[in-house]
>>> print(open('final30.cif').read())   # mmCIF, C-alpha atoms
data_work
#
loop_
_atom_site.label_atom_id
_atom_site.label_comp_id
_atom_site.auth_asym_id
_atom_site.auth_seq_id
_atom_site.Cartn_x
_atom_site.Cartn_y
_atom_site.Cartn_z
CA MET A 501 42.37 93.69 156.58
CA ASN A 502 42.03 96.89 158.62
CA ILE A 503 44.19 99.98 158.18
CA ALA A 504 46.49 98.99 161.03
CA GLY A 505 46.93 95.52 159.54
CA LYS A 506 47.74 96.93 156.11
CA ALA A 507 50.26 99.33 157.61
CA LEU A 508 51.93 96.47 159.48
CA ALA A 509 52.05 94.31 156.35
CA THR A 510 53.56 97.18 154.37
CA PHE A 511 56.15 97.71 157.10
CA PHE A 512 57.27 94.07 156.99
CA MET A 513 57.33 94.10 153.18
CA LEU A 514 59.56 97.20 153.16
CA LEU A 515 61.72 95.65 155.86
CA SER A 516 62.13 92.51 153.74
CA VAL A 517 63.08 94.58 150.69
CA SER A 518 65.52 96.59 152.77
CA VAL A 519 67.15 93.43 154.13
CA ALA A 520 67.41 92.03 150.59
CA HIS A 521 69.02 95.24 149.34
CA ALA A 522 71.49 95.16 152.22
CA GLY A 523 72.31 91.50 151.58
CA ASN A 524 72.83 92.09 147.86
CA ALA A 525 74.96 95.15 148.54
CA ASN A 526 77.12 93.20 150.97
CA GLY A 527 77.36 90.34 148.49
CA MET A 528 78.43 92.71 145.72
CA LEU A 529 81.13 94.21 147.91
CA GLN A 530 82.44 90.77 148.86
CA TYR A 531 82.32 89.63 145.23
CA ALA A 532 84.22 92.71 144.05
CA ALA A 533 86.83 92.06 146.72
CA GLY A 534 87.28 88.50 145.47
CA ASP A 535 85.80 86.91 148.58
CA TYR A 536 83.43 84.64 146.69
CA SER A 537 82.61 82.40 149.64
CA ALA A 538 81.35 85.37 151.65
CA ALA A 539 79.43 86.63 148.61
CA LEU A 540 77.80 83.22 148.19
CA LYS A 541 76.58 83.30 151.79
CA GLU A 542 74.84 86.60 151.08
CA PHE A 543 73.37 85.74 147.68
CA LYS A 544 72.17 82.14 148.12
CA PRO A 545 69.56 82.66 150.88
CA LEU A 546 68.15 85.67 149.04
CA ALA A 547 68.12 83.78 145.73
CA GLU A 548 66.23 80.89 147.32
CA LYS A 549 63.62 83.39 148.56
CA GLY A 550 63.12 84.63 145.00
CA ASP A 551 65.28 87.76 144.91
CA ALA A 552 66.07 88.38 141.24
CA VAL A 553 69.30 90.30 141.82
CA ALA A 554 70.71 87.52 143.99
CA GLN A 555 69.51 84.85 141.55
CA ALA A 556 71.23 86.64 138.68
CA LYS A 557 74.47 86.96 140.58
CA LEU A 558 74.34 83.33 141.63
CA GLY A 559 73.83 82.35 138.00
CA GLN A 560 76.93 84.34 137.02
CA MET A 561 78.94 82.70 139.80
CA TYR A 562 78.06 79.22 138.57
CA LEU A 563 78.73 80.26 134.96
CA LEU A 564 82.22 81.50 135.83
CA GLY A 565 83.00 79.07 138.64
CA SER A 566 83.48 81.94 141.10
CA GLY A 567 83.30 80.55 144.63
CA VAL A 568 81.36 77.51 143.41
CA PRO A 569 82.20 74.64 141.05
CA GLN A 570 81.61 75.78 137.48
CA ASP A 571 78.21 74.40 136.53
CA ASP A 572 76.34 75.48 133.40
CA ALA A 573 73.15 73.71 134.49
CA GLN A 574 73.05 75.65 137.77
CA ALA A 575 73.98 78.85 135.93
CA LEU A 576 71.07 78.34 133.56
CA ALA A 577 68.61 77.48 136.33
CA TRP A 578 69.34 80.56 138.45
CA SER A 579 69.64 82.88 135.45
CA THR A 580 66.28 81.66 134.13
CA LYS A 581 64.59 82.46 137.45
CA ALA A 582 66.05 85.97 137.47
CA ALA A 583 65.46 86.62 133.76
CA GLU A 584 61.81 85.64 134.06
CA GLN A 585 61.53 88.45 136.62
CA GLY A 586 63.03 90.87 134.12
CA ASN A 587 66.54 91.13 135.55
CA VAL A 588 68.69 92.64 132.82
CA ASP A 589 71.95 90.95 133.88
CA ALA A 590 70.27 87.55 133.81
CA GLU A 591 68.70 88.28 130.42
CA PHE A 592 72.17 88.96 129.05
CA VAL A 593 73.51 85.73 130.53
CA MET A 594 70.63 83.79 128.99
CA GLY A 595 71.47 85.27 125.61
CA TYR A 596 75.12 84.39 126.13
CA MET A 597 74.30 80.79 127.08
CA TYR A 598 72.03 80.20 124.09
CA PHE A 599 74.48 81.98 121.77
CA ASN A 600 77.36 79.73 122.86
CA GLY A 601 75.46 76.55 123.65
CA ARG A 602 76.38 76.64 127.34
CA GLY A 603 74.11 74.38 129.38
CA VAL A 604 71.62 74.27 126.49
CA ALA A 605 71.64 73.39 122.82
CA ARG A 606 72.83 76.41 120.87
CA ASP A 607 69.83 78.40 119.69
CA ASP A 608 70.56 81.65 117.88
CA ARG A 609 66.90 82.66 117.76
CA LEU A 610 66.52 82.43 121.54
CA ALA A 611 69.92 84.08 122.04
CA ALA A 612 68.73 87.05 119.97
CA GLU A 613 65.46 87.19 121.91
CA TRP A 614 67.24 87.36 125.28
CA PHE A 615 69.85 89.82 124.04
CA ARG A 616 67.03 92.00 122.74
CA ARG A 617 65.33 92.07 126.13
CA ALA A 618 68.54 93.20 127.80
CA ALA A 619 69.41 95.57 124.96
CA GLU A 620 66.06 97.33 125.15
CA LYS A 621 66.78 97.96 128.83
CA GLY A 622 70.03 99.68 127.87
CA ASP A 623 72.61 96.93 128.42
CA ALA A 624 75.53 98.01 126.21
CA GLU A 625 77.04 94.55 125.77
CA ALA A 626 73.67 93.07 124.82
CA GLN A 627 73.18 95.90 122.33
CA PHE A 628 76.53 95.08 120.75
CA ASN A 629 75.77 91.35 120.60
CA LEU A 630 72.35 91.99 119.08
CA GLY A 631 73.98 94.22 116.48
CA LEU A 632 76.50 91.49 115.77
CA MET A 633 73.72 88.96 115.22
CA TYR A 634 72.05 91.30 112.72
CA HIS A 635 75.43 91.90 111.08
CA ASP A 636 76.15 88.17 110.73
CA GLY A 637 72.56 87.13 110.01
CA ARG A 638 72.74 84.75 112.94
CA GLY A 639 69.32 83.97 114.41
CA LEU A 640 67.98 87.06 112.66
CA LEU A 641 67.66 88.25 109.08
CA HIS A 642 70.87 89.99 108.06
CA SER A 643 70.53 93.76 108.28
CA ASP A 644 73.44 96.19 108.24
CA GLU A 645 70.99 98.97 109.11
CA ALA A 646 69.79 97.22 112.27
CA ALA A 647 73.38 96.29 113.12
CA ALA A 648 74.44 99.92 112.81
CA SER A 649 71.54 101.05 114.98
CA TRP A 650 72.40 98.69 117.84
CA PHE A 651 76.15 99.24 117.50
CA SER A 652 75.46 102.97 117.77
CA LYS A 653 73.45 102.60 120.99
CA SER A 654 76.20 100.48 122.51
CA ALA A 655 79.05 102.65 121.21
CA GLU A 656 77.51 105.77 122.68
CA GLN A 657 77.67 104.04 126.08
CA GLY A 658 81.38 103.46 125.59
CA ASP A 659 81.45 99.80 124.53
CA VAL A 660 84.82 99.44 122.78
CA GLN A 661 83.76 96.55 120.53
CA ALA A 662 80.74 98.50 119.34
CA GLN A 663 82.82 101.61 118.71
CA TYR A 664 85.16 99.62 116.49
CA ALA A 665 82.33 97.80 114.71
CA LEU A 666 80.47 101.06 114.05
CA GLY A 667 83.67 102.56 112.68
CA VAL A 668 83.98 99.67 110.23
CA LEU A 669 80.41 100.17 109.01
CA TYR A 670 81.02 103.89 108.43
CA ALA A 671 84.34 103.17 106.71
CA GLU A 672 82.71 100.70 104.34
CA GLY A 673 79.33 102.39 103.96
CA ARG A 674 77.30 99.42 105.18
CA GLY A 675 74.02 100.21 106.90
CA VAL A 676 75.02 103.88 107.06
CA GLN A 677 76.19 106.54 104.62
CA LYS A 678 79.90 106.01 103.98
CA ASP A 679 81.83 108.57 106.01
CA VAL A 680 85.51 107.92 106.66
CA VAL A 681 85.83 110.96 108.94
CA THR A 682 83.05 109.62 111.20
CA ALA A 683 84.64 106.19 111.02
CA LEU A 684 87.94 107.72 112.12
CA GLY A 685 86.20 109.32 115.09
CA TRP A 686 84.81 105.99 116.28
CA PHE A 687 88.12 104.24 115.71
CA GLU A 688 89.83 106.92 117.80
CA LYS A 689 87.35 106.35 120.64
CA ALA A 690 88.01 102.60 120.52
CA ALA A 691 91.77 103.15 120.26
CA ALA A 692 91.65 105.32 123.38
CA GLN A 693 90.43 102.18 125.16
CA GLY A 694 93.34 100.14 123.78
CA SER A 695 91.65 98.47 120.80
CA ALA A 696 94.44 97.15 118.56
CA PRO A 697 92.15 96.61 115.53
CA ALA A 698 91.03 100.24 115.83
CA GLU A 699 94.64 101.41 116.01
CA PHE A 700 95.35 99.39 112.87
CA ARG A 701 92.36 100.92 111.07
CA ILE A 702 93.49 104.44 111.94
CA GLY A 703 96.94 103.60 110.60
CA MET A 704 95.38 102.31 107.39
CA ILE A 705 93.32 105.50 106.94
CA TYR A 706 96.47 107.64 107.14
CA ASP A 707 98.53 105.14 105.16
CA LEU A 708 96.15 105.17 102.19
CA GLY A 709 94.88 108.72 102.59
CA LEU A 710 91.25 107.64 103.00
CA GLY A 711 89.27 110.81 103.64
CA VAL A 712 92.35 112.47 105.10
CA LYS A 713 95.70 113.63 103.77
CA GLN A 714 98.04 110.68 103.32
CA ASP A 715 100.58 110.73 106.12
CA GLY A 716 103.07 107.90 106.36
CA GLU A 717 104.49 109.04 109.69
CA LYS A 718 101.06 109.01 111.35
CA ALA A 719 100.35 105.67 109.73
CA VAL A 720 103.57 104.18 111.11
CA SER A 721 102.85 105.64 114.55
CA TRP A 722 99.39 104.03 114.70
CA TYR A 723 100.58 100.77 113.16
CA LYS A 724 103.28 100.56 115.85
CA LYS A 725 100.70 101.07 118.60
CA ALA A 726 98.62 98.25 117.17
CA ALA A 727 101.71 96.09 116.68
CA GLU A 728 102.66 96.59 120.34
CA HIS A 729 99.20 95.30 121.20
CA GLY A 730 99.82 92.19 119.07
CA ASP A 731 97.91 93.07 115.88
CA THR A 732 99.46 90.94 113.11
CA ASN A 733 97.87 93.02 110.34
CA ALA A 734 99.65 96.10 111.69
CA ILE A 735 102.98 94.27 111.91
CA TYR A 736 102.69 93.27 108.26
CA ALA A 737 101.55 96.78 107.28
CA LEU A 738 104.70 98.26 108.84
CA GLY A 739 106.78 96.00 106.63
CA SER A 740 104.78 97.09 103.61
CA VAL A 741 105.16 100.84 104.36
CA PHE A 742 108.95 100.56 104.70
CA ASP A 743 109.15 98.23 101.70
CA ASP A 744 107.33 100.68 99.40
CA GLY A 745 108.30 103.95 101.08
CA ARG A 746 104.74 105.30 101.23
CA GLY A 747 103.37 108.61 102.44
CA GLY A 748 106.73 110.31 102.79
CA VAL A 749 108.33 107.45 104.73
CA SER A 750 111.78 106.61 103.40
CA GLN A 751 112.12 103.25 101.72
CA ASP A 752 114.01 100.91 104.03
CA PRO A 753 114.20 97.27 102.88
CA LYS A 754 116.08 96.09 106.00
CA THR A 755 113.41 97.49 108.31
CA ALA A 756 110.76 96.00 106.01
CA VAL A 757 112.36 92.57 106.35
CA SER A 758 112.37 92.91 110.13
CA TRP A 759 108.63 93.62 110.27
CA TYR A 760 107.78 90.97 107.65
CA GLN A 761 109.72 88.45 109.74
CA LYS A 762 107.71 89.33 112.86
CA ALA A 763 104.41 88.90 111.02
CA ALA A 764 105.53 85.79 109.14
CA VAL A 765 106.45 83.86 112.28
CA ARG A 766 102.89 84.57 113.47
CA GLY A 767 101.56 82.76 110.38
CA ASP A 768 100.50 85.75 108.26
CA ALA A 769 100.41 84.49 104.66
CA ASP A 770 101.01 87.91 103.10
CA ALA A 771 104.06 88.43 105.28
CA GLU A 772 105.35 84.95 104.45
CA HIS A 773 105.01 85.76 100.76
CA SER A 774 106.64 89.18 101.08
CA LEU A 775 109.51 87.79 103.15
CA ALA A 776 110.06 85.07 100.56
CA GLU A 777 110.31 87.72 97.86
CA MET A 778 112.88 89.65 99.87
CA TYR A 779 115.04 86.52 100.17
CA PHE A 780 114.47 85.64 96.52
CA THR A 781 115.52 89.08 95.25
CA GLY A 782 118.05 89.82 97.99
CA ARG A 783 116.34 93.08 99.00
CA GLY A 784 117.10 94.05 102.58
CA VAL A 785 118.63 90.64 103.24
CA GLY A 786 121.14 88.37 101.56
CA GLY A 787 119.68 86.46 98.63
CA ASN A 788 118.84 82.92 99.63
CA ASP A 789 116.76 80.71 97.34
CA ARG A 790 116.35 77.98 99.93
CA GLU A 791 115.05 80.46 102.51
CA ALA A 792 112.81 81.97 99.86
CA LEU A 793 111.40 78.53 99.05
CA SER A 794 110.74 77.85 102.74
CA TRP A 795 108.64 81.01 103.14
CA TYR A 796 106.93 80.64 99.77
CA ARG A 797 105.86 77.15 100.80
CA ARG A 798 104.36 78.42 104.05
CA ALA A 799 102.29 80.97 102.17
CA ALA A 800 101.45 78.41 99.47
CA GLU A 801 100.14 75.96 102.04
CA GLN A 802 97.70 78.66 103.17
CA GLY A 803 96.31 78.87 99.64
CA ASP A 804 98.31 81.82 98.25
CA ALA A 805 98.13 81.19 94.49
CA ASP A 806 101.12 83.39 93.61
CA ALA A 807 103.23 81.67 96.25
CA GLN A 808 102.14 78.29 94.89
CA LEU A 809 103.25 79.35 91.43
CA ASN A 810 106.60 80.55 92.76
CA VAL A 811 107.17 77.24 94.55
CA ALA A 812 106.44 75.46 91.28
CA VAL A 813 108.93 77.63 89.37
CA ILE A 814 111.66 77.12 91.99
CA TYR A 815 111.29 73.32 91.77
CA ASP A 816 110.97 73.47 87.99
CA LEU A 817 114.19 75.45 87.50
CA GLY A 818 116.06 73.99 90.47
CA LEU A 819 116.74 77.32 92.16
CA GLY A 820 118.58 76.49 95.39
CA VAL A 821 117.25 72.94 95.26
CA ALA A 822 117.61 70.00 92.90
CA PRO A 823 115.14 70.22 90.00
CA ASN A 824 111.98 68.26 90.79
CA PRO A 825 109.52 68.20 87.86
CA ALA A 826 106.95 66.12 89.75
CA GLU A 827 106.88 68.53 92.70
CA ALA A 828 106.78 71.45 90.29
CA GLN A 829 103.77 69.97 88.50
CA THR A 830 101.95 69.45 91.80
CA TRP A 831 102.35 73.11 92.69
CA TYR A 832 101.46 74.32 89.18
CA LEU A 833 98.16 72.45 89.49
CA LYS A 834 97.51 73.85 92.99
CA ALA A 835 98.13 77.39 91.74
CA GLN A 836 95.75 76.81 88.83
CA GLN A 837 93.04 75.45 91.14
CA SER A 838 93.43 78.33 93.59
CA ARG A 839 93.03 80.88 90.82
CA MET A 840 89.97 79.09 89.43
CA LEU A 841 88.37 79.10 92.89
CA ALA A 842 89.19 82.78 93.33
CA SER A 843 87.59 83.63 89.99
CA VAL A 844 84.23 82.13 90.98
CA ALA A 845 84.22 83.29 94.60
CA PRO A 846 81.31 85.64 95.43
#
>>> encode(input="final30.cif", output="structure tokens")
Amino acid sequence: MNIAGKALATFFMLLSVSVAHAGNANGMLQYAAGDYSAALKEFKPLAEKGDAVAQAKLGQMYLLGSGVPQDDAQALAWSTKAAEQGNVDAEFVMGYMYFNGRGVARDDRLAAEWFRRAAEKGDAEAQFNLGLMYHDGRGLLHSDEAAASWFSKSAEQGDVQAQYALGVLYAEGRGVQKDVVTALGWFEKAAAQGSAPAEFRIGMIYDLGLGVKQDGEKAVSWYKKAAEHGDTNAIYALGSVFDDGRGGVSQDPKTAVSWYQKAAVRGDADAEHSLAEMYFTGRGVGGNDREALSWYRRAAEQGDADAQLNVAVIYDLGLGVAPNPAEAQTWYLKAQQSRMLASVAP
């Protein structure tokens, strides 16, 4: 080919790339605006011509059912084409599909391989997922050190799940040197993004004085933020703080009962047990053996050995109910079995 021919070929190649970029840009704008049909018209012709960006987006649309019928097989097909060209978004989707068994048999090893490809290109969510797989030993050999490394890369990009996970590792000294102050910093970053578990963890740090001065008021403040975001652990913790009167917070059994009740109706076994004790002893609420039995049973049915023992005693002595030796014996045996299992648990 002569120089003029090469120049002409280069011109048409650049024109084709430019058209593809324009089509993808238009498709992205339409997609962001929620006009999926218009986005599909932009992406599909480009995807069929081999454009990786369009293929990746088309794969996501089929995965989510955005503008097209939800179809895992189509999602996998288009994502595979884009991922094989090195598209980072498609690599993440491939990891997601293998991780969850969407359109393919679940394969943790392949999920980790695809997440790694995307993670090494800087995808924050892939970095978090790869860290999680190291943390859980899923598809990879368990390694808290590797988990911490990938969580750190993701957290530094602002991924809220990674910020929380990294905080947990620092708080517990797993994969990194234990450092509650550093943990607190990561929890605060995650909390600033509305993470309820992070808010709960900050409350716990101040509640127990872990690496900081114990401060019940700060603990209650953070627990309430987490509780408002639906964190059951925080709701129970509020009951516990007011029940015990920790960190300078005045003991207030009635308020404790209120928080225990909120956590108990959400199925929290500790709250069920604590609420039962309040009814049994009459602290913060009128004594009521029948109500106590009801809450003890709920906790007992979740495997709480102490609650099982209390249910047995109530039936044995006939407290608020007719004595029932057979029922008492059943619960005595369950309590014994639960304690035996707890004693040999790793």
>>> resolve_selection(input="final30.cif", expression="the PyMOL selection byres ((chain A and resi 680) around 9)", output="MDAnalysis selection string")
chainID A and resid 667 670:673 678:679 681:685 705 710:712
>>> axis_aligned_box(input="final30.cif", around="segment 809-826 of chain A", padding_each_side="8 Å", output="JSON")
{"center_x": 110.9, "center_y": 73.3, "center_z": 91.4, "size_x": 31.3, "size_y": 30.4, "size_z": 23.9}
>>> residues_around(input="final30.cif", residues="segment 804-820 of chain A", least_positions_apart="4", cutoff="12 Å", atoms="all atoms listed in the file", output="ChimeraX atom specification")
/A:768-777,779-780,787-800,824-843
>>> resolve_selection(input="final30.cif", expression="the PyMOL selection byres ((chain A and resi 726-740) around 6)", output="PyMOL selection string")
chain A and resi 696+699-700+723-725+741-743+756+759-760+763+771
>>> residues_around(input="final30.cif", residues="Gln657 of chain A", least_positions_apart="5", cutoff="12 Å", atoms="only C-alpha atoms", output="PDB file with C-alpha atoms, in the coordinates of the input")
ATOM      1  CA  ALA A 619      69.410  95.570 124.960  1.00  0.00           C
ATOM      2  CA  GLY A 622      70.030  99.680 127.870  1.00  0.00           C
ATOM      3  CA  ASP A 623      72.610  96.930 128.420  1.00  0.00           C
ATOM      4  CA  ALA A 624      75.530  98.010 126.210  1.00  0.00           C
ATOM      5  CA  GLU A 625      77.040  94.550 125.770  1.00  0.00           C
ATOM      6  CA  ALA A 626      73.670  93.070 124.820  1.00  0.00           C
ATOM      7  CA  GLN A 627      73.180  95.900 122.330  1.00  0.00           C
ATOM      8  CA  PHE A 628      76.530  95.080 120.750  1.00  0.00           C
ATOM      9  CA  TRP A 650      72.400  98.690 117.840  1.00  0.00           C
ATOM     10  CA  PHE A 651      76.150  99.240 117.500  1.00  0.00           C
ATOM     11  CA  SER A 652      75.460 102.970 117.770  1.00  0.00           C
ATOM     12  CA  ALA A 662      80.740  98.500 119.340  1.00  0.00           C
ATOM     13  CA  GLN A 663      82.820 101.610 118.710  1.00  0.00           C
ATOM     14  CA  LYS A 689      87.350 106.350 120.640  1.00  0.00           C
ATOM     15  CA  ALA A 690      88.010 102.600 120.520  1.00  0.00           C
TER      16      ALA A 690
END
>>> atom_distance(input="final30.cif", atom1="atom CA of Gly601 of chain A", atom2="atom CA of Asp644 of chain A")
25.0 Å
>>> resolve_selection(input="final30.cif", expression="the PyMOL selection byres ((chain A and resi 538) around 12)", output="VMD selection string")
chain A and resid 523 to 524 526 to 537 539 to 544 566 to 568
>>> write_last_selection(input="final30.cif", atoms="C-alpha atoms", output="PDB file, in the coordinates of the input")
ATOM      1  CA  GLY A 523      72.310  91.500 151.580  1.00  0.00           C
ATOM      2  CA  ASN A 524      72.830  92.090 147.860  1.00  0.00           C
ATOM      3  CA  ASN A 526      77.120  93.200 150.970  1.00  0.00           C
ATOM      4  CA  GLY A 527      77.360  90.340 148.490  1.00  0.00           C
ATOM      5  CA  MET A 528      78.430  92.710 145.720  1.00  0.00           C
ATOM      6  CA  LEU A 529      81.130  94.210 147.910  1.00  0.00           C
ATOM      7  CA  GLN A 530      82.440  90.770 148.860  1.00  0.00           C
ATOM      8  CA  TYR A 531      82.320  89.630 145.230  1.00  0.00           C
ATOM      9  CA  ALA A 532      84.220  92.710 144.050  1.00  0.00           C
ATOM     10  CA  ALA A 533      86.830  92.060 146.720  1.00  0.00           C
ATOM     11  CA  GLY A 534      87.280  88.500 145.470  1.00  0.00           C
ATOM     12  CA  ASP A 535      85.800  86.910 148.580  1.00  0.00           C
ATOM     13  CA  TYR A 536      83.430  84.640 146.690  1.00  0.00           C
ATOM     14  CA  SER A 537      82.610  82.400 149.640  1.00  0.00           C
ATOM     15  CA  ALA A 539      79.430  86.630 148.610  1.00  0.00           C
ATOM     16  CA  LEU A 540      77.800  83.220 148.190  1.00  0.00           C
ATOM     17  CA  LYS A 541      76.580  83.300 151.790  1.00  0.00           C
ATOM     18  CA  GLU A 542      74.840  86.600 151.080  1.00  0.00           C
ATOM     19  CA  PHE A 543      73.370  85.740 147.680  1.00  0.00           C
ATOM     20  CA  LYS A 544      72.170  82.140 148.120  1.00  0.00           C
ATOM     21  CA  SER A 566      83.480  81.940 141.100  1.00  0.00           C
ATOM     22  CA  GLY A 567      83.300  80.550 144.630  1.00  0.00           C
ATOM     23  CA  VAL A 568      81.360  77.510 143.410  1.00  0.00           C
TER      24      VAL A 568
END
>>> closest_residue(input="final30.cif", among="A:Val660, A:Ala605, A:Val593, A:Leu630", to="Gln693 of chain A", atoms="all atoms listed in the file")
A:Val660
>>> closest_residue(input="final30.cif", among="A:Gly716, A:Gly550, A:Gly786, A:Gly603", to="Glu584 of chain A", atoms="all atoms listed in the file")
A:Gly550
>>> atom_distance(input="final30.cif", atom1="atom CA of Trp686 of chain A", atom2="atom CA of Gln714 of chain A")
19.1 Å
>>> residues_around(input="final30.cif", residues="Glu645 of chain A", least_positions_apart="4", cutoff="9 Å", atoms="all atoms listed in the file", output="PyMOL selection string")
chain A and resi 634-635+649-650+674-676
>>> closest_residue(input="final30.cif", among="A:Glu548, A:Arg783, A:Glu717, A:Ser579", to="Tyr562 of chain A", atoms="all atoms listed in the file")
A:Ser579
>>> atom_distance(input="final30.cif", atom1="atom CA of Lys581 of chain A", atom2="atom CA of Arg638 of chain A")
25.9 Å
>>> residues_around(input="final30.cif", residues="Gln555 of chain A", least_positions_apart="6", cutoff="6 Å", atoms="all atoms listed in the file", output="PyMOL selection string")
chain A and resi 547+578+582
>>> build_atoms(input="final30.cif", residues="segment 650-665 of chain A", atoms="N, CA and C atoms", output="CSV table (one decimal), in the coordinates of the input")
chain,number,residue,atom,x,y,z
A,650,TRP,N,72.1,99.2,116.5
A,650,TRP,CA,72.4,98.7,117.8
A,650,TRP,C,73.8,99.0,118.2
A,651,PHE,N,74.7,98.9,117.2
A,651,PHE,CA,76.2,99.2,117.5
A,651,PHE,C,76.2,100.7,118.0
A,652,SER,N,75.4,101.6,117.4
A,652,SER,CA,75.5,103.0,117.8
A,652,SER,C,75.0,103.2,119.2
A,653,LYS,N,73.9,102.5,119.6
A,653,LYS,CA,73.4,102.6,121.0
A,653,LYS,C,74.5,102.1,122.0
A,654,SER,N,75.2,101.0,121.6
A,654,SER,CA,76.2,100.5,122.5
A,654,SER,C,77.4,101.4,122.5
A,655,ALA,N,77.8,101.8,121.3
A,655,ALA,CA,79.0,102.6,121.2
A,655,ALA,C,78.9,103.9,122.0
A,656,GLU,N,77.7,104.5,122.0
A,656,GLU,CA,77.5,105.8,122.7
A,656,GLU,C,77.6,105.6,124.2
A,657,GLN,N,77.5,104.3,124.7
A,657,GLN,CA,77.7,104.0,126.1
A,657,GLN,C,79.1,103.7,126.4
A,658,GLY,N,80.0,103.7,125.4
A,658,GLY,CA,81.4,103.5,125.6
A,658,GLY,C,81.9,102.1,125.4
A,659,ASP,N,81.0,101.2,124.8
A,659,ASP,CA,81.4,99.8,124.5
A,659,ASP,C,82.5,99.8,123.4
A,660,VAL,N,83.7,99.3,123.7
A,660,VAL,CA,84.8,99.4,122.8
A,660,VAL,C,84.6,98.6,121.5
A,661,GLN,N,84.0,97.4,121.7
A,661,GLN,CA,83.8,96.6,120.5
A,661,GLN,C,82.8,97.2,119.6
A,662,ALA,N,81.7,97.8,120.2
A,662,ALA,CA,80.7,98.5,119.3
A,662,ALA,C,81.3,99.7,118.6
A,663,GLN,N,82.2,100.4,119.3
A,663,GLN,CA,82.8,101.6,118.7
A,663,GLN,C,83.6,101.2,117.5
A,664,TYR,N,84.4,100.1,117.6
A,664,TYR,CA,85.2,99.6,116.5
A,664,TYR,C,84.3,99.1,115.4
A,665,ALA,N,83.2,98.3,115.7
A,665,ALA,CA,82.3,97.8,114.7
A,665,ALA,C,81.6,98.9,114.0
